[in-house]
$ cat start-v5.pdb   # PDB, C-alpha atoms
MODEL        1
ATOM      1  CA  MET M 158     -63.223 -96.826 110.918
ATOM      2  CA  PRO M 159     -62.360 -93.963 113.302
ATOM      3  CA  ASN M 160     -65.018 -91.373 113.918
ATOM      4  CA  ALA M 161     -63.310 -88.350 112.327
ATOM      5  CA  SER M 162     -64.963 -84.947 112.113
ATOM      6  CA  LEU M 163     -64.300 -82.295 109.502
ATOM      7  CA  LEU M 164     -61.879 -79.514 110.374
ATOM      8  CA  PRO M 165     -63.305 -76.515 112.264
ATOM      9  CA  GLU M 166     -64.041 -73.645 109.910
ATOM     10  CA  TYR M 167     -61.500 -71.326 111.493
ATOM     11  CA  LEU M 168     -58.699 -73.814 110.732
ATOM     12  CA  VAL M 169     -59.904 -74.244 107.162
ATOM     13  CA  ASN M 170     -59.870 -70.472 106.717
ATOM     14  CA  ARG M 171     -56.374 -70.175 108.179
ATOM     15  CA  TYR M 172     -55.074 -72.949 105.933
ATOM     16  CA  GLN M 173     -56.564 -71.361 102.836
ATOM     17  CA  GLY M 174     -55.079 -68.007 103.815
ATOM     18  CA  TRP M 175     -51.638 -69.586 104.305
ATOM     19  CA  ARG M 176     -51.849 -71.438 100.987
ATOM     20  CA  ALA M 177     -52.776 -68.245  99.122
ATOM     21  CA  THR M 178     -50.131 -66.042 100.744
ATOM     22  CA  SER M 179     -47.128 -67.515 102.563
ATOM     23  CA  PHE M 180     -46.992 -70.760 100.595
ATOM     24  CA  GLU M 181     -47.536 -69.048  97.243
ATOM     25  CA  GLN M 182     -44.829 -66.481  97.984
ATOM     26  CA  ASN M 183     -42.348 -69.198  98.969
ATOM     27  CA  LYS M 184     -43.374 -71.936  96.564
ATOM     28  CA  ALA M 185     -39.807 -72.571  95.368
ATOM     29  CA  TRP M 186     -38.598 -73.052  98.931
ATOM     30  CA  HIS M 187     -41.370 -75.524  99.742
ATOM     31  CA  HIS M 188     -40.645 -77.416  96.525
ATOM     32  CA  LYS M 189     -36.980 -77.657  97.503
ATOM     33  CA  LEU M 190     -37.876 -78.995 100.942
ATOM     34  CA  ALA M 191     -40.210 -81.567  99.410
ATOM     35  CA  THR M 192     -37.817 -82.812  96.741
ATOM     36  CA  GLN M 193     -34.429 -82.627  98.464
ATOM     37  CA  GLY M 194     -35.452 -83.940 101.875
ATOM     38  CA  GLN M 195     -34.441 -82.622 105.262
ATOM     39  CA  ASN M 196     -30.946 -81.949 106.534
ATOM     40  CA  PRO M 197     -31.313 -80.297 109.953
ATOM     41  CA  ARG M 198     -28.190 -79.642 111.976
ATOM     42  CA  CYS M 199     -30.063 -79.616 115.251
ATOM     43  CA  MET M 200     -32.683 -81.640 117.112
ATOM     44  CA  VAL M 201     -34.859 -79.978 119.748
ATOM     45  CA  ILE M 202     -36.838 -81.833 122.397
ATOM     46  CA  SER M 203     -39.347 -79.416 123.886
ATOM     47  CA  CYS M 204     -42.592 -79.511 125.814
ATOM     48  CA  CYS M 205     -45.877 -79.955 123.977
ATOM     49  CA  ASP M 206     -47.165 -76.870 125.830
ATOM     50  CA  SER M 207     -48.940 -74.752 123.212
ATOM     51  CA  ARG M 208     -47.071 -71.647 124.351
ATOM     52  CA  ILE M 209     -43.639 -73.005 123.424
ATOM     53  CA  ASN M 210     -42.433 -72.182 119.904
ATOM     54  CA  VAL M 211     -38.782 -73.043 119.387
ATOM     55  CA  LEU M 212     -38.906 -72.075 115.703
ATOM     56  CA  SER M 213     -39.772 -68.544 116.737
ATOM     57  CA  MET M 214     -37.322 -68.535 119.657
ATOM     58  CA  PHE M 215     -34.369 -69.384 117.445
ATOM     59  CA  GLY M 216     -35.586 -67.569 114.334
ATOM     60  CA  ALA M 217     -35.570 -70.862 112.435
ATOM     61  CA  ASP M 218     -37.208 -71.722 109.134
ATOM     62  CA  GLN M 219     -38.840 -74.981 108.114
ATOM     63  CA  GLY M 220     -36.235 -77.684 107.628
ATOM     64  CA  GLU M 221     -33.728 -76.240 110.105
ATOM     65  CA  LEU M 222     -34.798 -77.973 113.315
ATOM     66  CA  PHE M 223     -35.850 -81.577 113.876
ATOM     67  CA  ILE M 224     -38.407 -81.123 116.663
ATOM     68  CA  HIS M 225     -39.885 -83.662 119.047
ATOM     69  CA  ARG M 226     -42.413 -82.547 121.651
ATOM     70  CA  ASN M 227     -43.756 -84.378 124.678
ATOM     71  CA  VAL M 228     -45.067 -83.649 128.164
ATOM     72  CA  ALA M 229     -42.368 -81.797 130.155
ATOM     73  CA  ASN M 230     -39.669 -82.280 127.485
ATOM     74  CA  LEU M 231     -38.513 -85.539 129.066
ATOM     75  CA  VAL M 232     -36.243 -88.214 127.656
ATOM     76  CA  PRO M 233     -36.644 -91.637 129.294
ATOM     77  CA  PRO M 234     -33.611 -93.844 129.930
ATOM     78  CA  ILE M 235     -33.024 -96.553 127.370
ATOM     79  CA  GLU M 236     -35.529 -99.379 127.629
ATOM     80  CA  GLU M 237     -35.245-102.132 125.080
ATOM     81  CA  GLY M 238     -38.147-104.375 124.231
ATOM     82  CA  GLY M 239     -41.310-104.519 122.198
ATOM     83  CA  ARG M 240     -43.044-101.432 123.567
ATOM     84  CA  HIS M 241     -43.818 -98.121 121.891
ATOM     85  CA  HIS M 242     -40.986 -95.618 122.242
ATOM     86  CA  GLY M 243     -41.902 -92.330 120.592
ATOM     87  CA  THR M 244     -39.219 -90.131 122.138
ATOM     88  CA  SER M 245     -36.505 -92.782 121.937
ATOM     89  CA  SER M 246     -37.246 -93.475 118.269
ATOM     90  CA  ALA M 247     -37.118 -89.742 117.455
ATOM     91  CA  VAL M 248     -33.710 -89.466 119.132
ATOM     92  CA  GLU M 249     -32.459 -92.551 117.312
ATOM     93  CA  TYR M 250     -33.567 -91.224 113.943
ATOM     94  CA  ALA M 251     -32.075 -87.784 114.544
ATOM     95  CA  VAL M 252     -28.698 -89.107 115.678
ATOM     96  CA  THR M 253     -28.214 -92.148 113.453
ATOM     97  CA  ALA M 254     -30.052 -91.170 110.261
ATOM     98  CA  LEU M 255     -30.071 -87.371 110.148
ATOM     99  CA  LYS M 256     -26.667 -87.085 111.861
ATOM    100  CA  VAL M 257     -27.601 -83.929 113.760
ATOM    101  CA  SER M 258     -24.635 -82.247 115.419
ATOM    102  CA  ASN M 259     -26.553 -80.596 118.260
ATOM    103  CA  LEU M 260     -29.351 -81.892 120.471
ATOM    104  CA  LEU M 261     -31.211 -79.408 122.666
ATOM    105  CA  ILE M 262     -33.484 -80.126 125.615
ATOM    106  CA  VAL M 263     -35.678 -77.051 126.164
ATOM    107  CA  GLY M 264     -37.550 -76.737 129.459
ATOM    108  CA  HIS M 265     -39.760 -73.821 130.411
ATOM    109  CA  SER M 266     -41.460 -71.912 133.202
ATOM    110  CA  ASP M 267     -44.996 -72.751 134.323
ATOM    111  CA  CYS M 268     -44.755 -76.309 132.995
ATOM    112  CA  GLY M 269     -47.960 -78.163 133.797
ATOM    113  CA  GLY M 270     -46.359 -81.570 133.569
ATOM    114  CA  VAL M 271     -43.599 -80.680 136.016
ATOM    115  CA  ARG M 272     -46.091 -79.120 138.417
ATOM    116  CA  GLY M 273     -48.127 -82.309 138.197
ATOM    117  CA  CYS M 274     -45.035 -84.294 139.123
ATOM    118  CA  TYR M 275     -44.382 -81.947 142.041
ATOM    119  CA  ASN M 276     -47.940 -82.324 143.289
ATOM    120  CA  MET M 277     -47.809 -86.094 142.828
ATOM    121  CA  CYS M 278     -44.575 -86.412 144.782
ATOM    122  CA  SER M 279     -45.992 -84.103 147.474
ATOM    123  CA  GLY M 280     -49.027 -86.357 147.902
ATOM    124  CA  ASN M 281     -51.415 -83.809 146.431
ATOM    125  CA  ALA M 282     -52.289 -85.531 143.156
ATOM    126  CA  PRO M 283     -53.463 -89.081 143.937
ATOM    127  CA  GLU M 284     -55.009 -89.368 140.475
ATOM    128  CA  LEU M 285     -51.509 -89.304 138.981
ATOM    129  CA  GLU M 286     -50.420 -92.191 141.213
ATOM    130  CA  SER M 287     -52.879 -94.520 139.484
ATOM    131  CA  GLU M 288     -51.319 -97.120 137.214
ATOM    132  CA  THR M 289     -53.848 -96.080 134.589
ATOM    133  CA  SER M 290     -52.525 -92.492 134.487
ATOM    134  CA  PHE M 291     -50.371 -92.047 131.392
ATOM    135  CA  VAL M 292     -49.203 -88.636 132.634
ATOM    136  CA  GLY M 293     -48.312 -89.982 136.062
ATOM    137  CA  ARG M 294     -46.281 -92.879 134.729
ATOM    138  CA  TRP M 295     -44.517 -90.584 132.263
ATOM    139  CA  MET M 296     -43.642 -88.193 135.098
ATOM    140  CA  ASP M 297     -42.080 -91.112 136.973
ATOM    141  CA  ILE M 298     -39.052 -90.312 134.803
ATOM    142  CA  LEU M 299     -38.629 -87.108 136.785
ATOM    143  CA  ARG M 300     -39.780 -88.392 140.183
ATOM    144  CA  PRO M 301     -36.296 -89.389 141.532
ATOM    145  CA  THR M 302     -35.075 -85.795 141.281
ATOM    146  CA  PHE M 303     -37.846 -84.543 143.567
ATOM    147  CA  GLU M 304     -35.901 -85.808 146.563
ATOM    148  CA  THR M 305     -32.953 -83.587 145.625
ATOM    149  CA  LEU M 306     -34.939 -80.337 145.745
ATOM    150  CA  PRO M 307     -33.682 -77.797 148.277
ATOM    151  CA  ASP M 308     -35.902 -76.434 151.010
ATOM    152  CA  GLY M 309     -37.954 -73.383 150.093
ATOM    153  CA  ASP M 310     -41.336 -72.211 148.926
ATOM    154  CA  ASP M 311     -43.316 -74.298 146.460
ATOM    155  CA  GLU M 312     -42.814 -71.974 143.475
ATOM    156  CA  THR M 313     -39.023 -71.961 143.874
ATOM    157  CA  ARG M 314     -38.979 -75.737 144.198
ATOM    158  CA  VAL M 315     -41.217 -76.217 141.134
ATOM    159  CA  ARG M 316     -38.906 -74.000 139.075
ATOM    160  CA  GLN M 317     -35.930 -76.072 140.181
ATOM    161  CA  LEU M 318     -37.825 -79.244 139.239
ATOM    162  CA  GLU M 319     -38.381 -77.758 135.763
ATOM    163  CA  LYS M 320     -34.621 -77.430 135.439
ATOM    164  CA  ASN M 321     -34.126 -80.908 136.895
ATOM    165  CA  ALA M 322     -36.248 -82.221 134.022
ATOM    166  CA  VAL M 323     -33.708 -80.810 131.574
ATOM    167  CA  VAL M 324     -30.679 -82.257 133.367
ATOM    168  CA  ALA M 325     -32.343 -85.650 133.929
ATOM    169  CA  SER M 326     -33.161 -85.850 130.228
ATOM    170  CA  MET M 327     -29.556 -85.062 129.305
ATOM    171  CA  ASP M 328     -28.360 -87.793 131.664
ATOM    172  CA  ASN M 329     -30.859 -90.245 130.178
ATOM    173  CA  LEU M 330     -29.721 -89.430 126.653
ATOM    174  CA  MET M 331     -26.298 -90.762 127.557
ATOM    175  CA  THR M 332     -27.815 -94.184 128.337
ATOM    176  CA  PHE M 333     -28.386 -94.659 124.586
ATOM    177  CA  PRO M 334     -25.211 -96.158 123.061
ATOM    178  CA  PHE M 335     -25.607 -94.310 119.761
ATOM    179  CA  VAL M 336     -25.855 -90.988 121.611
ATOM    180  CA  LYS M 337     -22.943 -91.754 123.928
ATOM    181  CA  ASP M 338     -20.769 -92.861 121.015
ATOM    182  CA  ALA M 339     -21.585 -89.735 118.969
ATOM    183  CA  VAL M 340     -20.876 -87.445 121.931
ATOM    184  CA  GLU M 341     -17.576 -89.136 122.745
ATOM    185  CA  ALA M 342     -16.552 -88.993 119.070
ATOM    186  CA  GLY M 343     -17.185 -85.246 119.007
ATOM    187  CA  GLN M 344     -19.958 -85.651 116.459
ATOM    188  CA  LEU M 345     -22.799 -84.588 118.763
ATOM    189  CA  SER M 346     -23.175 -81.927 121.449
ATOM    190  CA  LEU M 347     -25.911 -81.953 124.081
ATOM    191  CA  HIS M 348     -27.387 -78.693 125.352
ATOM    192  CA  GLY M 349     -29.755 -78.085 128.263
ATOM    193  CA  LEU M 350     -31.906 -74.967 128.138
ATOM    194  CA  TRP M 351     -34.668 -73.434 130.241
ATOM    195  CA  THR M 352     -36.767 -70.453 129.226
ATOM    196  CA  ASP M 353     -38.872 -68.051 131.253
ATOM    197  CA  MET M 354     -41.803 -67.520 128.893
ATOM    198  CA  GLY M 355     -43.100 -64.364 130.520
ATOM    199  CA  LEU M 356     -39.748 -62.584 130.485
ATOM    200  CA  GLY M 357     -38.350 -64.040 127.274
ATOM    201  CA  LEU M 358     -35.216 -65.156 129.108
ATOM    202  CA  LEU M 359     -33.145 -68.192 128.149
ATOM    203  CA  GLU M 360     -30.705 -70.033 130.402
ATOM    204  CA  GLN M 361     -28.279 -72.810 129.503
ATOM    205  CA  TYR M 362     -26.923 -75.580 131.689
ATOM    206  CA  ASP M 363     -23.245 -75.328 132.563
ATOM    207  CA  SER M 364     -22.036 -78.817 133.419
ATOM    208  CA  THR M 365     -18.868 -77.420 134.998
ATOM    209  CA  THR M 366     -20.743 -75.519 137.699
ATOM    210  CA  GLN M 367     -23.920 -77.640 137.434
ATOM    211  CA  THR M 368     -25.995 -74.471 137.249
ATOM    212  CA  PHE M 369     -28.088 -72.672 134.661
ATOM    213  CA  ILE M 370     -26.593 -69.429 133.379
ATOM    214  CA  PRO M 371     -28.127 -66.697 131.175
ATOM    215  CA  VAL M 372     -27.632 -66.971 127.416
TER
ENDMDL
END
$ encode --input "start-v5.pdb" --output "structure tokens"
Amino acid sequence: MPNASLLPEYLVNRYQGWRATSFEQNKAWHHKLATQGQNPRCMVISCCDSRINVLSMFGADQGELFIHRNVANLVPPIEEGGRHHGTSSAVEYAVTALKVSNLLIVGHSDCGGVRGCYNMCSGNAPELESETSFVGRWMDILRPTFETLPDGDDETRVRQLEKNAVVASMDNLMTFPFVKDAVEAGQLSLHGLWTDMGLGLLEQYDSTTQTFIPV
């Protein structure tokens, strides 16, 4: 049996406060969600960074967004076989079962995962090069785009790598036949976004100009 501890008291108190206020005031809505299932129109793949809150960003309620979070909001290319594929399975479920019509990749400023990739590719994070590093091997998804970074200072290059993570993930999505088919049939639209957390700014990828433009 796993060695599980009881919840910290502050979380227990917050849960009890939520149950007595927000849940009680919206009991009918929660009952509807529980009994009628989910029908989100949009899937969001965002970073697991604790500062990112796409529900708040888009003013969304429970049940509106199908959200998957991972380190640096990356989507790997299709890889068939008997391994564990958390991100790929979430995409498959959203597209084939939930039939979402929009799929958003949301990158962000000050992304620790992307900075780790930058440091690794610069030779400054040997610990991430180890085959036993889960983070390092996950960031290998982004590694090829490091070579495309323009000259400049480190901070400018890291920010560009954050945006590369969004574009690379969009490209990788198209390696999944069910995504490609849905896009080509006009049933699914892919969107690449990057947000500056400190300024509250949001940019979207324009595939025509291959640049990010303000929303």
$ resolve_selection --input "start-v5.pdb" --expression "the PyMOL selection byres ((chain M and resi 293) around 12)" --output "list of chain:residue names"
M:Val228, M:Ala229, M:Gly270, M:Val271, M:Arg272, M:Gly273, M:Cys274, M:Tyr275, M:Asn276, M:Met277, M:Cys278, M:Ala282, M:Pro283, M:Glu284, M:Leu285, M:Glu286, M:Ser287, M:Glu288, M:Thr289, M:Ser290, M:Phe291, M:Val292, M:Arg294, M:Trp295, M:Met296, M:Asp297, M:Ile298, M:Leu299, M:Arg300
$ residues_around --input "start-v5.pdb" --residues "M:Leu231" --least-positions-apart "4" --cutoff "7 Å" --atoms "only C-alpha atoms" --output "ChimeraX atom specification"
/M:227,322,326
$ residues_around --input "start-v5.pdb" --residues "M:Asn230" --least-positions-apart "3" --cutoff "8 Å" --atoms "all atoms listed in the file" --output "mmCIF file with C-alpha atoms, in the coordinates of the input"
data_model
loop_
_atom_site.group_PDB
_atom_site.id
_atom_site.type_symbol
_atom_site.label_atom_id
_atom_site.label_comp_id
_atom_site.auth_asym_id
_atom_site.auth_seq_id
_atom_site.Cartn_x
_atom_site.Cartn_y
_atom_site.Cartn_z
ATOM 1 C CA ILE M 202 -36.838 -81.833 122.397
ATOM 2 C CA SER M 203 -39.347 -79.416 123.886
ATOM 3 C CA CYS M 204 -42.592 -79.511 125.814
ATOM 4 C CA CYS M 205 -45.877 -79.955 123.977
ATOM 5 C CA ARG M 226 -42.413 -82.547 121.651
ATOM 6 C CA ASN M 227 -43.756 -84.378 124.678
ATOM 7 C CA ILE M 262 -33.484 -80.126 125.615
ATOM 8 C CA VAL M 263 -35.678 -77.051 126.164
ATOM 9 C CA GLY M 264 -37.550 -76.737 129.459
ATOM 10 C CA ALA M 322 -36.248 -82.221 134.022
ATOM 11 C CA VAL M 323 -33.708 -80.810 131.574
ATOM 12 C CA SER M 326 -33.161 -85.850 130.228
#
$ resolve_selection --input "start-v5.pdb" --expression "the PyMOL selection byres ((chain M and resi 185-194) around 12)" --output "JSON, numbers by chain"
{"M": [176, 179, 180, 181, 182, 183, 184, 195, 196, 197, 218, 219, 220, 221, 255]}
$ residues_around --input "start-v5.pdb" --residues "M:Val257" --least-positions-apart "3" --cutoff "7 Å" --atoms "all atoms listed in the file" --output "ChimeraX atom specification"
/M:197-200,251-252,345
$ closest_residue --input "start-v5.pdb" --among "M:Val232, M:Val211, M:Ala325, M:Gly343" --to "M:Tyr362" --atoms "all atoms listed in the file"
M:Ala325
$ atom_distance --input "start-v5.pdb" --atom1 "atom CA of M:Gly174" --atom2 "atom CA of M:Gly216"
22.2 Å
$ residues_near_point --input "start-v5.pdb" --point "(-23.0, -90.4, 116.0)" --cutoff "10 Å" --atoms "all atoms listed in the file" --output "list in words"
Glu249, Ala251, Val252, Thr253, Ala254, Leu255, Lys256, Val257, Ser258, Pro334, Phe335, Val336, Lys337, Asp338, Ala339, Val340, Glu341, Ala342, Gly343, Gln344 and Leu345 of chain M
